[in-house]
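Engineer: The structure file run_33.txt (compact mmCIF, C-alpha atoms) is provided below.
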# COMPACT_ATOMS: atom_id res chain seq x y z
CA MET A 1 -181.08 -35.30 -119.39
CA LEU A 2 -177.65 -33.70 -119.21
CA THR A 3 -175.70 -32.15 -122.07
CA PHE A 4 -172.08 -31.40 -121.43
CA GLU A 5 -169.61 -30.92 -124.25
CA ILE A 6 -166.25 -29.30 -124.67
CA LYS A 7 -165.33 -28.57 -128.26
CA HIS A 8 -162.24 -30.42 -129.40
CA GLN A 9 -160.29 -27.77 -131.23
CA GLU A 10 -158.29 -28.55 -134.35
CA GLN A 11 -155.42 -26.49 -133.07
CA TYR A 12 -154.53 -25.33 -129.56
CA SER A 13 -152.51 -22.23 -128.84
CA ARG A 14 -149.15 -23.03 -127.25
CA GLY A 15 -148.78 -19.46 -126.08
CA GLU A 16 -152.09 -19.62 -124.22
CA LEU A 17 -151.15 -23.00 -122.82
CA LEU A 18 -147.95 -21.62 -121.31
CA LEU A 19 -149.65 -18.45 -120.14
CA ARG A 20 -152.39 -20.45 -118.41
CA SER A 21 -149.92 -22.87 -116.89
CA PHE A 22 -147.75 -20.18 -115.35
CA PHE A 23 -150.20 -17.38 -114.67
CA GLY A 24 -153.62 -19.03 -114.99
CA PHE A 25 -153.96 -19.12 -111.24
CA ILE A 26 -153.70 -15.34 -111.10
CA TYR A 27 -155.70 -14.22 -114.11
CA ILE A 28 -158.27 -17.03 -114.42
CA ALA A 29 -158.63 -18.97 -111.18
CA LEU A 30 -158.49 -16.12 -108.66
CA PRO A 31 -160.99 -13.68 -110.18
CA HIS A 32 -163.44 -16.41 -111.13
CA ALA A 33 -163.08 -18.24 -107.82
CA PHE A 34 -163.69 -15.01 -105.94
CA LEU A 35 -167.01 -14.44 -107.71
CA LEU A 36 -167.94 -18.10 -107.76
CA MET A 37 -167.48 -18.22 -104.01
CA PHE A 38 -170.39 -15.81 -103.51
CA VAL A 39 -172.48 -17.47 -106.17
CA GLY A 40 -171.60 -20.81 -104.60
CA ILE A 41 -172.94 -19.72 -101.22
CA ALA A 42 -176.21 -18.72 -102.85
CA SER A 43 -176.25 -22.01 -104.71
CA GLN A 44 -175.71 -23.93 -101.47
CA VAL A 45 -178.51 -22.05 -99.73
CA LEU A 46 -180.90 -22.68 -102.61
CA ALA A 47 -179.95 -26.36 -102.81
CA PHE A 48 -180.78 -26.79 -99.14
CA LEU A 49 -184.08 -24.94 -99.48
CA ALA A 50 -184.91 -26.77 -102.71
CA PHE A 51 -184.80 -30.06 -100.83
CA TRP A 52 -187.64 -28.88 -98.58
CA VAL A 53 -189.55 -27.20 -101.36
CA ILE A 54 -189.49 -30.39 -103.44
CA LEU A 55 -190.60 -32.44 -100.45
CA PHE A 56 -193.65 -30.23 -100.03
CA THR A 57 -194.50 -29.28 -103.60
CA GLY A 58 -192.95 -32.04 -105.74
CA ARG A 59 -191.32 -29.44 -107.96
CA TYR A 60 -187.95 -27.72 -108.13
CA PRO A 61 -188.63 -23.96 -108.38
CA GLN A 62 -187.76 -23.20 -111.99
CA SER A 63 -185.82 -20.00 -111.31
CA TRP A 64 -183.72 -21.75 -108.71
CA PHE A 65 -183.14 -24.68 -111.05
CA GLU A 66 -181.93 -22.40 -113.81
CA PHE A 67 -179.71 -20.56 -111.38
CA GLN A 68 -178.09 -23.84 -110.31
CA VAL A 69 -177.53 -24.87 -113.93
CA LYS A 70 -175.94 -21.51 -114.68
CA VAL A 71 -173.61 -21.77 -111.70
CA GLN A 72 -172.54 -25.23 -112.84
CA ARG A 73 -172.07 -23.96 -116.40
CA TRP A 74 -169.88 -21.10 -115.21
CA SER A 75 -167.81 -23.41 -113.06
CA LEU A 76 -167.26 -25.89 -115.91
CA ARG A 77 -166.39 -23.05 -118.26
CA VAL A 78 -163.58 -22.04 -115.92
CA ASN A 79 -162.43 -25.59 -115.23
CA SER A 80 -162.20 -26.43 -118.92
CA ARG A 81 -159.63 -23.62 -119.25
CA LEU A 82 -157.71 -24.51 -116.13
CA TYR A 83 -157.45 -28.10 -117.39
CA ASN A 84 -156.30 -26.77 -120.79
CA LEU A 85 -159.20 -28.43 -122.59
CA ALA A 86 -160.29 -25.19 -124.25
CA ASP A 87 -158.57 -22.01 -125.32
CA GLY A 88 -159.81 -18.49 -124.70
CA TYR A 89 -160.72 -16.67 -121.54
CA PRO A 90 -163.85 -17.95 -119.76
CA ALA A 91 -166.61 -15.35 -119.69
CA PHE A 92 -167.76 -13.93 -116.39
CA GLY A 93 -171.36 -14.07 -115.28
CA LEU A 94 -174.30 -16.40 -114.99
CA ASN A 95 -175.82 -15.46 -118.32
CA ALA A 96 -172.60 -15.60 -120.32
CA THR A 97 -172.30 -17.98 -123.25
CA ASP A 98 -169.32 -19.92 -124.49
CA ASP A 99 -168.53 -21.29 -127.93
CA ASN A 100 -166.28 -24.03 -126.58
CA VAL A 101 -168.21 -25.32 -123.59
CA THR A 102 -171.85 -26.42 -123.67
CA PHE A 103 -173.76 -27.39 -120.57
CA ASP A 104 -177.49 -27.87 -120.20
CA VAL A 105 -179.91 -29.82 -118.07
CA ALA A 106 -183.56 -30.49 -118.91
CA PHE A 107 -185.96 -29.04 -116.35
CA PRO A 108 -188.01 -31.77 -114.67
CA GLU A 109 -191.65 -30.71 -114.31
CA ASN A 110 -192.31 -33.16 -111.50
CA ILE A 111 -189.89 -34.76 -109.11
CA SER A 112 -190.42 -37.85 -106.99
CA ARG A 113 -190.50 -36.74 -103.36
CA GLY A 114 -189.49 -40.21 -102.22
CA SER A 115 -186.42 -40.15 -104.42
CA VAL A 116 -185.42 -36.74 -103.05
CA LEU A 117 -185.89 -37.90 -99.48
CA LEU A 118 -183.86 -41.01 -100.21
CA ARG A 119 -181.06 -38.94 -101.73
CA GLY A 120 -181.11 -36.45 -98.87
CA LEU A 121 -180.87 -39.13 -96.21
CA PHE A 122 -178.94 -41.95 -97.85
CA GLY A 123 -177.38 -40.39 -100.95
CA TRP A 124 -173.94 -40.63 -99.44
CA ILE A 125 -174.34 -44.40 -99.11
CA TYR A 126 -175.71 -45.40 -102.46
CA VAL A 127 -174.34 -42.59 -104.63
CA LEU A 128 -171.35 -40.92 -103.05
CA ILE A 129 -169.49 -44.02 -101.87
CA PRO A 130 -169.72 -46.18 -105.02
CA HIS A 131 -169.16 -43.31 -107.42
CA GLY A 132 -166.64 -41.64 -105.13
CA ILE A 133 -164.39 -44.70 -105.03
CA ILE A 134 -164.30 -45.03 -108.81
CA LEU A 135 -163.93 -41.30 -109.32
CA TRP A 136 -161.04 -41.25 -106.89
CA PHE A 137 -159.10 -43.65 -109.12
CA LEU A 138 -160.23 -41.78 -112.20
CA THR A 139 -158.99 -38.52 -110.69
CA ILE A 140 -155.49 -39.98 -110.50
CA ALA A 141 -155.76 -41.15 -114.11
CA PHE A 142 -157.14 -37.75 -115.07
CA MET A 143 -154.11 -36.00 -113.60
CA PHE A 144 -151.72 -38.20 -115.57
CA VAL A 145 -153.66 -37.81 -118.80
CA ASN A 146 -153.85 -34.08 -118.25
CA PHE A 147 -150.11 -33.94 -117.70
CA PHE A 148 -149.34 -35.88 -120.92
CA GLY A 149 -151.96 -33.87 -122.78
CA TRP A 150 -150.15 -30.69 -121.76
CA TRP A 151 -146.93 -31.91 -123.36
CA ALA A 152 -148.76 -33.10 -126.44
CA VAL A 153 -150.27 -29.66 -126.96
CA LEU A 154 -146.94 -27.97 -126.31
CA PHE A 155 -145.12 -30.03 -128.95
CA THR A 156 -147.81 -30.63 -131.55
CA GLY A 157 -150.39 -27.90 -130.94
CA LYS A 158 -153.07 -30.62 -130.96
CA TYR A 159 -154.87 -32.40 -128.14
CA PRO A 160 -154.93 -36.19 -128.75
CA LYS A 161 -158.62 -37.05 -129.16
CA GLY A 162 -158.54 -40.07 -126.84
CA MET A 163 -156.96 -38.10 -124.01
CA PHE A 164 -159.36 -35.23 -124.56
CA ASP A 165 -162.45 -37.45 -124.56
CA PHE A 166 -161.33 -39.25 -121.42
CA GLN A 167 -161.07 -35.94 -119.55
CA VAL A 168 -164.41 -34.65 -120.81
CA GLU A 169 -166.05 -37.92 -119.78
CA TYR A 170 -164.45 -37.66 -116.35
CA LEU A 171 -165.82 -34.14 -115.90
CA ARG A 172 -169.24 -35.23 -117.18
CA TRP A 173 -169.32 -38.13 -114.73
CA ASN A 174 -168.39 -35.81 -111.87
CA ALA A 175 -171.02 -33.29 -112.90
CA ARG A 176 -173.70 -35.98 -113.14
CA VAL A 177 -173.06 -37.22 -109.63
CA GLY A 178 -173.08 -33.68 -108.24
CA LEU A 179 -176.28 -32.79 -110.06
CA TYR A 180 -178.03 -35.94 -108.92
CA LEU A 181 -177.09 -35.32 -105.30
CA SER A 182 -178.29 -31.74 -105.51
CA TYR A 183 -181.68 -32.89 -106.91
CA ILE A 184 -181.13 -31.25 -110.31
CA THR A 185 -181.26 -34.50 -112.29
CA GLN A 186 -183.57 -37.41 -111.57
CA ASP A 187 -181.88 -40.48 -113.00
CA TYR A 188 -179.30 -42.38 -110.98
CA PRO A 189 -175.95 -41.42 -112.53
CA PRO A 190 -174.52 -44.18 -114.72
CA PHE A 191 -171.06 -45.51 -113.93
CA SER A 192 -169.74 -43.87 -117.04
CA GLY A 193 -168.99 -40.47 -118.42
CA LYS A 194 -170.54 -41.18 -121.82
CA ARG A 195 -173.06 -38.76 -123.28
CA ASP A 196 -176.74 -39.15 -122.47
CA GLU A 197 -178.76 -40.59 -125.31
CA VAL A 198 -180.87 -37.82 -126.78
CA PRO A 199 -184.61 -38.43 -126.33
CA ALA A 200 -187.40 -36.48 -128.00
CA ALA A 201 -187.17 -32.69 -127.60
CA ALA A 202 -187.31 -31.71 -123.93
CA PRO A 203 -187.49 -28.23 -122.40
CA THR A 204 -184.08 -27.10 -121.22
CA ALA A 205 -182.62 -24.31 -119.14
CA SER A 206 -180.96 -22.71 -122.14
CA ALA A 207 -178.12 -20.24 -121.80
CA GLY A 208 -179.74 -17.47 -123.77
CA GLU A 209 -182.90 -17.35 -121.68
CA ASN A 210 -183.24 -14.42 -119.34
CA THR A 211 -183.86 -16.28 -116.12
CA ASP A 212 -182.39 -14.54 -113.12
CA ALA A 213 -182.97 -16.38 -109.87
CA MET B 1 -226.11 -2.26 -98.90
CA GLU B 2 -222.63 -1.51 -100.22
CA GLU B 3 -222.01 -2.55 -103.79
CA GLN B 4 -219.54 -5.42 -104.22
CA LYS B 5 -216.56 -4.21 -106.26
CA ASN B 6 -214.88 -6.42 -108.81
CA PRO B 7 -211.16 -6.46 -108.01
CA LEU B 8 -210.33 -7.33 -111.62
CA ILE B 9 -211.69 -4.04 -112.94
CA GLU B 10 -209.39 -1.11 -112.47
CA ASN B 11 -210.91 1.85 -110.68
CA VAL B 12 -209.29 4.86 -112.33
CA ASN B 13 -209.86 7.00 -109.25
CA SER B 14 -208.18 4.53 -106.94
CA PRO B 15 -204.56 5.26 -106.03
CA TYR B 16 -203.86 1.53 -106.34
CA LEU B 17 -203.58 -0.85 -109.25
CA PRO B 18 -205.83 -3.94 -109.34
CA LEU B 19 -204.40 -7.01 -107.69
CA PRO B 20 -203.42 -9.98 -109.86
CA GLN B 21 -205.68 -12.97 -109.26
CA PRO B 22 -204.37 -16.52 -108.67
CA ASP B 23 -205.37 -17.77 -112.14
CA GLU B 24 -203.41 -14.92 -113.75
CA ILE B 25 -200.16 -15.63 -111.95
CA PRO B 26 -197.83 -18.15 -113.64
CA GLU B 27 -196.45 -20.97 -111.53
CA ARG B 28 -192.96 -19.62 -111.88
CA GLU B 29 -193.97 -16.31 -110.31
CA ARG B 30 -195.68 -18.10 -107.47
CA GLU B 31 -192.55 -20.13 -106.79
CA ASP B 32 -190.38 -17.03 -106.81
CA ALA B 33 -192.77 -15.29 -104.42
CA MET B 34 -192.75 -18.31 -102.13
CA GLY B 35 -188.95 -18.42 -102.20
CA ALA B 36 -188.77 -14.95 -100.64
CA TYR B 37 -190.13 -16.25 -97.34
CA LEU B 38 -187.78 -19.22 -97.32
CA MET B 39 -184.78 -16.89 -97.09
CA MET B 40 -185.38 -16.93 -93.34
CA PHE B 41 -183.65 -20.32 -93.38
CA ALA B 42 -180.56 -19.03 -95.20
CA ALA B 43 -178.44 -18.99 -92.04
CA LEU B 44 -179.37 -22.60 -91.41
CA ALA B 45 -178.63 -23.52 -95.02
CA SER B 46 -175.25 -21.81 -95.07
CA SER B 47 -174.34 -23.32 -91.68
CA LEU B 48 -173.54 -19.84 -90.34
CA PRO B 49 -175.69 -19.14 -87.27
CA LEU B 50 -175.45 -15.36 -87.54
CA PRO B 51 -178.63 -13.26 -87.38
CA ILE B 52 -177.46 -11.11 -90.29
CA ILE B 53 -177.28 -13.97 -92.84
CA ASN B 54 -181.04 -14.24 -93.25
CA LEU B 55 -181.32 -10.52 -93.77
CA ILE B 56 -178.53 -10.49 -96.37
CA ALA B 57 -180.22 -13.37 -98.21
CA ALA B 58 -183.56 -11.56 -98.12
CA VAL B 59 -182.00 -8.33 -99.41
CA ILE B 60 -180.25 -10.13 -102.29
CA TYR B 61 -183.39 -12.08 -103.14
CA TYR B 62 -185.42 -8.90 -103.10
CA TYR B 63 -183.12 -7.00 -105.44
CA VAL B 64 -182.71 -9.92 -107.84
CA ASN B 65 -186.43 -10.65 -108.10
CA ARG B 66 -188.34 -7.44 -107.51
CA ARG B 67 -188.60 -6.44 -111.17
CA LYS B 68 -190.05 -9.75 -112.27
CA SER B 69 -193.62 -8.86 -111.32
CA ARG B 70 -195.63 -6.89 -108.76
CA PHE B 71 -196.73 -10.10 -107.11
CA ILE B 72 -193.13 -11.22 -106.52
CA HIS B 73 -192.13 -7.69 -105.55
CA PHE B 74 -194.86 -7.52 -102.93
CA HIS B 75 -193.99 -10.84 -101.31
CA SER B 76 -190.23 -10.33 -101.38
CA LEU B 77 -190.62 -6.84 -99.92
CA GLN B 78 -192.96 -8.04 -97.20
CA SER B 79 -190.57 -10.87 -96.39
CA LEU B 80 -187.63 -8.46 -96.23
CA LEU B 81 -189.37 -5.85 -94.08
CA SER B 82 -190.84 -8.38 -91.71
CA GLN B 83 -187.37 -9.78 -91.07
CA LEU B 84 -186.09 -6.52 -89.66
CA PRO B 85 -187.66 -6.67 -86.17
CA THR B 86 -186.60 -10.26 -85.48
CA THR B 87 -183.14 -9.60 -86.88
CA PHE B 88 -182.66 -6.61 -84.57
CA MET B 89 -184.01 -8.58 -81.63
CA ASN B 90 -181.64 -11.45 -82.41
CA TRP B 91 -178.73 -9.04 -82.68
CA GLY B 92 -179.72 -7.54 -79.36
CA LEU B 93 -179.75 -10.95 -77.77
CA LEU B 94 -176.37 -11.82 -79.22
CA TYR B 95 -174.92 -8.52 -78.00
CA TRP B 96 -176.38 -8.99 -74.52
CA PHE B 97 -175.07 -12.54 -74.36
CA ILE B 98 -171.58 -11.46 -75.41
CA MET B 99 -171.59 -8.72 -72.77
CA ILE B 100 -172.59 -11.18 -70.05
CA TRP B 101 -169.89 -13.52 -71.23
CA THR B 102 -167.15 -10.92 -71.33
CA LYS B 103 -168.06 -8.29 -68.69
CA GLU B 104 -168.40 -9.05 -65.02
CA ALA B 105 -170.90 -6.25 -64.42
CA TRP B 106 -173.42 -7.94 -66.72
CA THR B 107 -175.27 -10.92 -65.24
CA TYR B 108 -178.00 -13.39 -66.14
CA ASN B 109 -180.75 -11.38 -64.48
CA ASP B 110 -184.51 -11.61 -64.91
CA TYR B 111 -184.49 -8.88 -67.58
CA PHE B 112 -182.26 -11.07 -69.69
CA LYS B 113 -184.44 -14.15 -69.14
CA GLY B 114 -187.52 -12.15 -70.10
CA TYR B 115 -185.81 -10.89 -73.21
CA VAL B 116 -184.75 -14.41 -74.23
CA ILE B 117 -188.36 -15.59 -73.97
CA ALA B 118 -189.55 -12.59 -75.97
CA VAL B 119 -186.99 -13.25 -78.70
CA ILE B 120 -187.89 -16.93 -78.89
CA LEU B 121 -191.59 -16.06 -79.14
CA ALA B 122 -190.93 -13.44 -81.81
CA ASN B 123 -188.91 -15.91 -83.89
CA VAL B 124 -191.49 -18.67 -83.55
CA LEU B 125 -194.29 -16.31 -84.58
CA TYR B 126 -192.20 -15.00 -87.44
CA ILE B 127 -191.48 -18.52 -88.72
CA ILE B 128 -195.12 -19.59 -88.46
CA PHE B 129 -196.46 -16.54 -90.28
CA SER B 130 -193.73 -16.68 -92.91
CA LEU B 131 -194.53 -20.31 -93.65
CA LEU B 132 -198.21 -19.42 -93.93
CA ALA B 133 -197.31 -16.60 -96.29
CA ALA B 134 -195.06 -18.92 -98.34
CA VAL B 135 -197.91 -21.40 -98.76
CA ARG B 136 -200.30 -18.63 -99.78
CA ALA B 137 -197.80 -17.16 -102.22
CA ARG B 138 -197.32 -20.61 -103.78
CA LYS B 139 -201.09 -20.67 -104.37
CA GLY B 140 -200.97 -17.24 -106.00
CA ARG B 141 -202.67 -15.53 -103.07
CA MET B 142 -201.88 -12.35 -101.21
CA TYR B 143 -201.12 -12.56 -97.51
CA TYR B 144 -200.77 -9.47 -95.39
CA PHE B 145 -198.64 -9.31 -92.27
CA LEU B 146 -199.56 -6.85 -89.57
CA PHE B 147 -198.22 -3.41 -90.55
CA PHE B 148 -195.68 -4.73 -93.10
CA GLY B 149 -198.45 -6.10 -95.33
CA LYS B 150 -200.08 -2.71 -95.73
CA LEU B 151 -196.73 -0.99 -96.13
CA SER B 152 -195.61 -3.42 -98.86
CA TYR B 153 -198.97 -3.15 -100.61
CA ASP B 154 -198.69 0.66 -100.58
CA MET B 155 -195.20 0.57 -102.01
CA VAL B 156 -195.84 -2.02 -104.73
CA PHE B 157 -199.41 -1.58 -105.90
CA SER B 158 -199.62 2.17 -105.56
CA LYS B 159 -199.89 3.96 -108.90
CA SER B 160 -197.06 6.18 -107.73
CA ASN B 161 -194.70 3.18 -107.82
CA THR B 162 -192.45 3.94 -110.80
CA LEU B 163 -190.57 0.66 -110.89
CA VAL B 164 -190.72 -0.96 -114.34
CA TYR B 165 -191.64 -4.63 -114.24
CA LYS B 166 -190.93 -7.30 -116.84
CA GLY B 167 -193.75 -7.45 -119.33
CA GLU B 168 -195.20 -4.10 -118.31
CA ARG B 169 -195.01 -0.99 -120.47
CA GLU B 170 -191.79 0.97 -120.14
CA ALA B 171 -192.97 4.02 -122.06
CA PRO B 172 -195.75 6.18 -120.58
CA ALA B 173 -199.17 5.24 -121.92
CA GLU B 174 -200.28 7.40 -124.81
CA ASN B 175 -203.97 6.51 -124.62
CA LYS B 176 -205.56 7.94 -121.49
CA PRO B 177 -209.14 8.10 -120.18
CA PRO B 178 -211.05 11.43 -120.62
CA PHE B 179 -211.01 12.29 -116.88
In structure tokens, how does this file's structure come out?

Structural biologist:
Amino acid sequence: MLTFEIKHQEQYSRGELLLRSFFGFIYIALPHAFLLMFVGIASQVLAFLAFWVILFTGRYPQSWFEFQVKVQRWSLRVNSRLYNLADGYPAFGLNATDDNVTFDVAFPENISRGSVLLRGLFGWIYVLIPHGIILWFLTIAFMFVNFFGWWAVLFTGKYPKGMFDFQVEYLRWNARVGLYLSYITQDYPPFSGKRDEVPAAAPTASAGENTDA
Amino acid sequence: MEEQKNPLIENVNSPYLPLPQPDEIPEREREDAMGAYLMMFAALASSLPLPIINLIAAVIYYYVNRRKSRFIHFHSLQSLLSQLPTTFMNWGLLYWFIMIWTKEAWTYNDYFKGYVIAVILANVLYIIFSLLAAVRARKGRMYYFLFFGKLSYDMVFSKSNTLVYKGEREAPAENKPPF
């Protein structure tokens, strides 16, 4: 169960839009990317080890799982700004919270070892190739929509809802595929970026929890 | 016959705190303790075959997790300390190999061959014992390496250890026994 939302603001700041467009690389992308690089290495190491741990124990270590969710949350928080989908400066840190970007994944108590083995060995065939081809076309569409969205915000101060939703769904789709391939989620990612249907209350790796890996 | 002591009951005269028993240790703590030993594969996971990577991973893991509980602290410390000899041996091998490769005076002599075999043996033993320790930690059990086990136990479970753990009292206890 994945929850990923970016709040569609009533009004977007044109000043911030221009600032991000011209200097966002320096004051948003660079500092965050520098820190995320180190966190990303740790995330990669844990993802590799998690594969073996799940194979032997049938469980993703909860601290590691929460760490991976936090890394993903941080990354999406930054991307949402760089794509101009949210105003404000993205907070630094794994435990930071954000009013505009919500990201959560339910912790699976037990994981099918067979499914993990299948993903580890053949994930690139049955997940990466089919999703990758579609996402490649969607990436091109995303770039166009993002470009037109930029002008829309500049002239009107509002982000057209259709354009906004398309981009959020694209990011959600991407995130789902990545999470599935890194054993965080268990269900084969749907060929869509629509929201997951909410089942009965499930335990989640919530942002406020103090869960250092 | 010597009286069997109950490890669950704290002996006030002992310089050590009682050890947590498997049924008292939450699964999450066991997993975190197990993870400490898996840091030996960090170099493999990050695709950087440098001897220092595992040590860096173990150091980071230790500092991030040590305050969670004494059980995690013990295992992550033992994992970290036990990595030092093999890391130094691996560095030595790398240095020797680079010298042979770059300097004419250095050759593949029998000393070098002997050292290679010793390093391989040390790494194999280290991996085997670390995996055993990881399995034991996952079950909520203690596992003591030669020398490093005792050292880690002394540092973590000694009453002189002043580190404050999550869930343990931060303020000094006000109620004390009458001796």

Engineer: Residues of chain B within 10 Å of chain A, counting only C-alpha atoms - could you list those as an MDAnalysis selection string?

Structural biologist: chainID B and resid 27:32 34:35 38:39 41:47 57 60:61 64:65 68 135 138

Engineer: Separation of atom CA of A:Met163 and atom CA of A:Phe148, in Å?

Structural biologist: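 Going from atom CA of A:Met163 over to atom CA of A:Phe148 covers 8.5 Å.
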
Engineer: Which residues are close to B:Ser160, i.e. within 8 Å by all atoms listed in the file, leaving aside same-chain residues fewer than 2 positions away? Reply as a ChimeraX atom specification.

Structural biologist: /B:15,158,162

Engineer: Compile the contact shell of stretch 170-183 of chain A as a PyMOL selection string: residues with an atom at most 7 Å away, counting only C-alpha atoms, same-chain residues fewer than 2 positions apart removed.

Structural biologist: chain A and resi 4+47+116+119+123+166-168+185-186+188-189+192-193

Engineer: Which residue gives the smallest distance to A:Ala96 among A:Arg81, A:Lys70, A:Lys194, A:Lys7, with only C-alpha atoms counted?

Structural biologist: A:Lys70

Engineer: What is the distance, in Å and to one decimal place, between atom CA of A:Arg77 and atom CA of A:Glu5?

Structural biologist: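 Those two atoms sit 10.4 Å apart.
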
Engineer: So that I can see what lies close to A:His32, please list as a count of residues only the residues with an atom at most 12 Å from it, counting all atoms listed in the file and leaving out residues fewer than 6 positions away in the same chain.

Structural biologist: 21
